[in-house]
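K.L.:
Encoded as structure tokens, here's the structure I'll be asking about.
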Amino acid sequence: MKFVDEAIIRVSAGKGGNGCLSFRREKYVAKGGPDGGDGGDGGSVYLRADPALNTMVDYRYQRAFRAANGEPGRGRNCTGAGGDDLVLPVPVGTTVMDADSDEVLGDLTTPGEELLVARGGFHGLGNTRFKSSVNRAPRQTTAGTEGEERQLRLELKVLADVGLLGLPNAGKSTFVRAVSAARPRVADYPFTTLVPSLGVVRVDPLRSFVVADIPGLIAGAAEGAGLGVRFLRHLTRTRILLHLVDAAPPDGSDPVEAVRTIAREIEAFSPALAARPRWLVLNKEDLLDEEAMDALAARLREELSWEGPLYRIAAASSAGTERLCQDLMTALEERRAAEAADPALAQAEAEAQARLQREARERIDALRARRRAAPEDDSDDDSDYDVEVEYAP
């Protein structure tokens, strides 16, 4: 299935039905008076978070949606039927923006949550509404109003507690397979993940968290190189960044420089994202002896002045992953408990999330504008959506 994480659609609410101009006509009733009914309200357009969806491929080809109009009023004081509301399902984690003003209309982060994006037109009034003691045969009616029309930009940001960072082939997908039931593609030759994948990590039957694997970053990613920049927005909702480092890269590159490369790209993409808690994980420790691993860990701490958590694992054999996942679960629970007990801390987290998403949006919009302005680049923004890939739910 194609993984599409953004779409632009146009939604139009229904027009309100017109009011009716009518008078009673009955046998032996010479002047029965007005009996024109009101029209019906136009249907509104809602977006609903649907946990069964994990991509916006449904909006890749159909991009215009219209709710039903309200019916006009009728005689005998009959009110016209209201137009049915139109409810469009979107994946959980969708940010909805007005494409013309860039105003954020809302975030759909809870299954079943609904957001009104276009309100239906108001019904017109029939002539019965205008009768009075001095106007017994009114001929005034009003027309129904037009429904709202909007062009929306839908951006999917996967909901995960932990986000994986790293260069291509650092072992991120292997780690996800080792700690969860997700099955992103891995092989014994170098290649990079094409789409984000999610895995639910259960540390015991009642405690779990979600980990997200995004395509590997490369030098220059913040300026549009590679695939990673398109998917960095998916890390804006995470609470902890897990930075995987290949301890024994096959090309002989320096793991310390690999850490610096990712750190530079994250800082360039979003300073707020770079400020999130980040843990270093040395992967593939089974390829080095213990003395070499000790020396590499010491060099990382010394040359990077690293004071944060540092773990050593072998994702292919799951060695060290259980302790890492237990510590991640504990850290996440402690953060949630602290935010629940301190409203100021919860507010600070909400502001940080808003800043993260704003910076990510600004960076991606700037790269998109630069690409469109380049005369030699005649591809559109959706060209990479045509790659058929498999998405692990």
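Residue numbering restarts at 1 for every chain of the structure tokens, chains are lettered A, B, ... in their displayed order, and ligands are numbered from 1 as they appear.
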So that I can see what lies close to Cys325 (chain A), please list as a list in words the residues with an atom at most 8 Å from it, counting only C-alpha atoms and leaving out residues fewer than 2 positions away in the same chain.

P.N.:
Val179, Val201, Val203, Thr321, Glu322, Arg323, Asp327, Leu328 and Met329 of chain A

K.L.:
For the selection just defined, write its residues with N, CA, C and O atoms to a file, as a short mmCIF file (atom, residue, chain, number, x, y, z; two decimals), in the first residue's frame.

P.N.:
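Below is the file again-v3.cif, written as the result:
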data_model
loop_
_atom_site.label_atom_id
_atom_site.label_comp_id
_atom_site.auth_asym_id
_atom_site.auth_seq_id
_atom_site.Cartn_x
_atom_site.Cartn_y
_atom_site.Cartn_z
N VAL A 179 11.86 -5.72 19.27
CA VAL A 179 11.14 -5.36 20.50
C VAL A 179 9.63 -5.32 20.33
O VAL A 179 8.92 -5.08 21.31
N VAL A 201 5.59 -1.77 21.90
CA VAL A 201 6.54 -2.50 22.74
C VAL A 201 5.86 -2.79 24.07
O VAL A 201 5.51 -1.87 24.81
N VAL A 203 6.32 -4.18 27.67
CA VAL A 203 7.32 -4.59 28.65
C VAL A 203 6.72 -5.57 29.65
O VAL A 203 7.45 -6.33 30.31
N THR A 321 18.24 -5.31 24.61
CA THR A 321 17.03 -4.55 24.27
C THR A 321 16.01 -4.57 25.40
O THR A 321 15.25 -3.62 25.57
N GLU A 322 15.97 -5.66 26.19
CA GLU A 322 14.97 -5.75 27.26
C GLU A 322 15.23 -4.66 28.31
O GLU A 322 14.29 -3.97 28.74
N ARG A 323 16.47 -4.52 28.73
CA ARG A 323 16.79 -3.47 29.73
C ARG A 323 16.51 -2.09 29.17
O ARG A 323 15.97 -1.22 29.87
N ASP A 327 13.80 0.63 30.76
CA ASP A 327 14.19 1.99 31.16
C ASP A 327 13.38 3.04 30.41
O ASP A 327 13.00 4.08 30.98
N LEU A 328 13.09 2.80 29.13
CA LEU A 328 12.25 3.72 28.37
C LEU A 328 10.85 3.80 28.97
O LEU A 328 10.28 4.89 29.13
N MET A 329 10.27 2.64 29.30
CA MET A 329 8.94 2.62 29.89
C MET A 329 8.91 3.38 31.20
O MET A 329 7.99 4.17 31.47
#

K.L.:
Mind checking DSSP for region 240-378 of chain A and telling me the alpha helix (DSSP H) residues as JSON, numbers by chain?

P.N.:
{"A": [255, 256, 257, 258, 259, 260, 261, 262, 263, 264, 265, 266, 267, 268, 269, 271, 272, 273, 274, 290, 291, 292, 293, 294, 295, 296, 297, 298, 299, 300, 301, 302, 303, 304, 321, 322, 323, 324, 325, 326, 327, 328, 329, 330, 331, 332, 333, 334, 335, 336, 337, 338, 339, 340, 341, 343, 344, 345, 346, 347, 348, 349, 350, 351, 352, 353, 354, 355, 356, 357, 358, 359, 360, 361, 362, 363, 364, 365, 366, 367, 368, 369, 370, 371, 372, 373]}

K.L.:
How far is it from CA of Pro51 (chain A) to CA of Ser208 (chain A), in Å with one decimal?

P.N.:
17.7 Å

K.L.:
Using only C-alpha atoms for the distances, tell me which of A:Gly106, A:Gly14, A:Gly147, A:Gly70 is nearest to Ala49 (chain A).

P.N.:
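Ranking A:Gly106, A:Gly14, A:Gly147, A:Gly70 by distance to Ala49 (chain A), first place goes to A:Gly106.
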
K.L.:
With distances taken over only C-alpha atoms, which of A:Ser132, A:Leu53, A:Gly124, A:Leu244 is nearest to Gly112 (chain A)?

P.N.:
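Of the candidates, the smallest distance to Gly112 (chain A) is held by A:Leu53.
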
K.L.:
Per residue of region 86-189 of chain A within 12 Å of region 341-364 of chain A, which atom pair is closest and at what distance in Å (one decimal), using only C-alpha atoms, listed by chain and increasing number, as a Markdown table?

P.N.:
| residue | atom | partner | partner_atom | distance |
| --- | --- | --- | --- | --- |
| A:Thr94 | CA | A:Gln357 | CA | 11.8 |
| A:Thr95 | CA | A:Gln357 | CA | 9.4 |
| A:Met97 | CA | A:Arg361 | CA | 10.8 |
| A:Asp102 | CA | A:Arg361 | CA | 9.7 |
| A:Glu103 | CA | A:Arg358 | CA | 10.8 |
| A:Val104 | CA | A:Arg358 | CA | 9.7 |
| A:Gly106 | CA | A:Ala354 | CA | 11.4 |
| A:Asp107 | CA | A:Ala354 | CA | 10.6 |
| A:Arg153 | CA | A:Arg361 | CA | 11.4 |
| A:Leu154 | CA | A:Arg361 | CA | 11.8 |
| A:Glu155 | CA | A:Arg361 | CA | 9.5 |
| A:Leu156 | CA | A:Gln357 | CA | 11.3 |
| A:Lys157 | CA | A:Gln357 | CA | 9.3 |

K.L.:
Would you write out those residues with C-alpha atoms, as a JSON list (two decimals), in the first residue's frame?

P.N.:
[["chain", "number", "residue", "atom", "x", "y", "z"],
["A", 94, "THR", "CA", -3.75, 14.18, 11.61],
["A", 95, "THR", "CA", -3.13, 17.93, 11.81],
["A", 97, "MET", "CA", -4.71, 23.36, 8.41],
["A", 102, "ASP", "CA", -1.88, 28.23, 7.11],
["A", 103, "GLU", "CA", -4.11, 28.48, 10.17],
["A", 104, "VAL", "CA", -4.09, 25.28, 12.24],
["A", 106, "GLY", "CA", -7.10, 21.33, 14.94],
["A", 107, "ASP", "CA", -5.30, 18.09, 15.75],
["A", 153, "ARG", "CA", -3.98, 20.62, 4.11],
["A", 154, "LEU", "CA", -3.95, 17.37, 6.05],
["A", 155, "GLU", "CA", -0.66, 16.32, 7.62],
["A", 156, "LEU", "CA", -0.24, 12.96, 9.30],
["A", 157, "LYS", "CA", 2.13, 12.77, 12.25]]
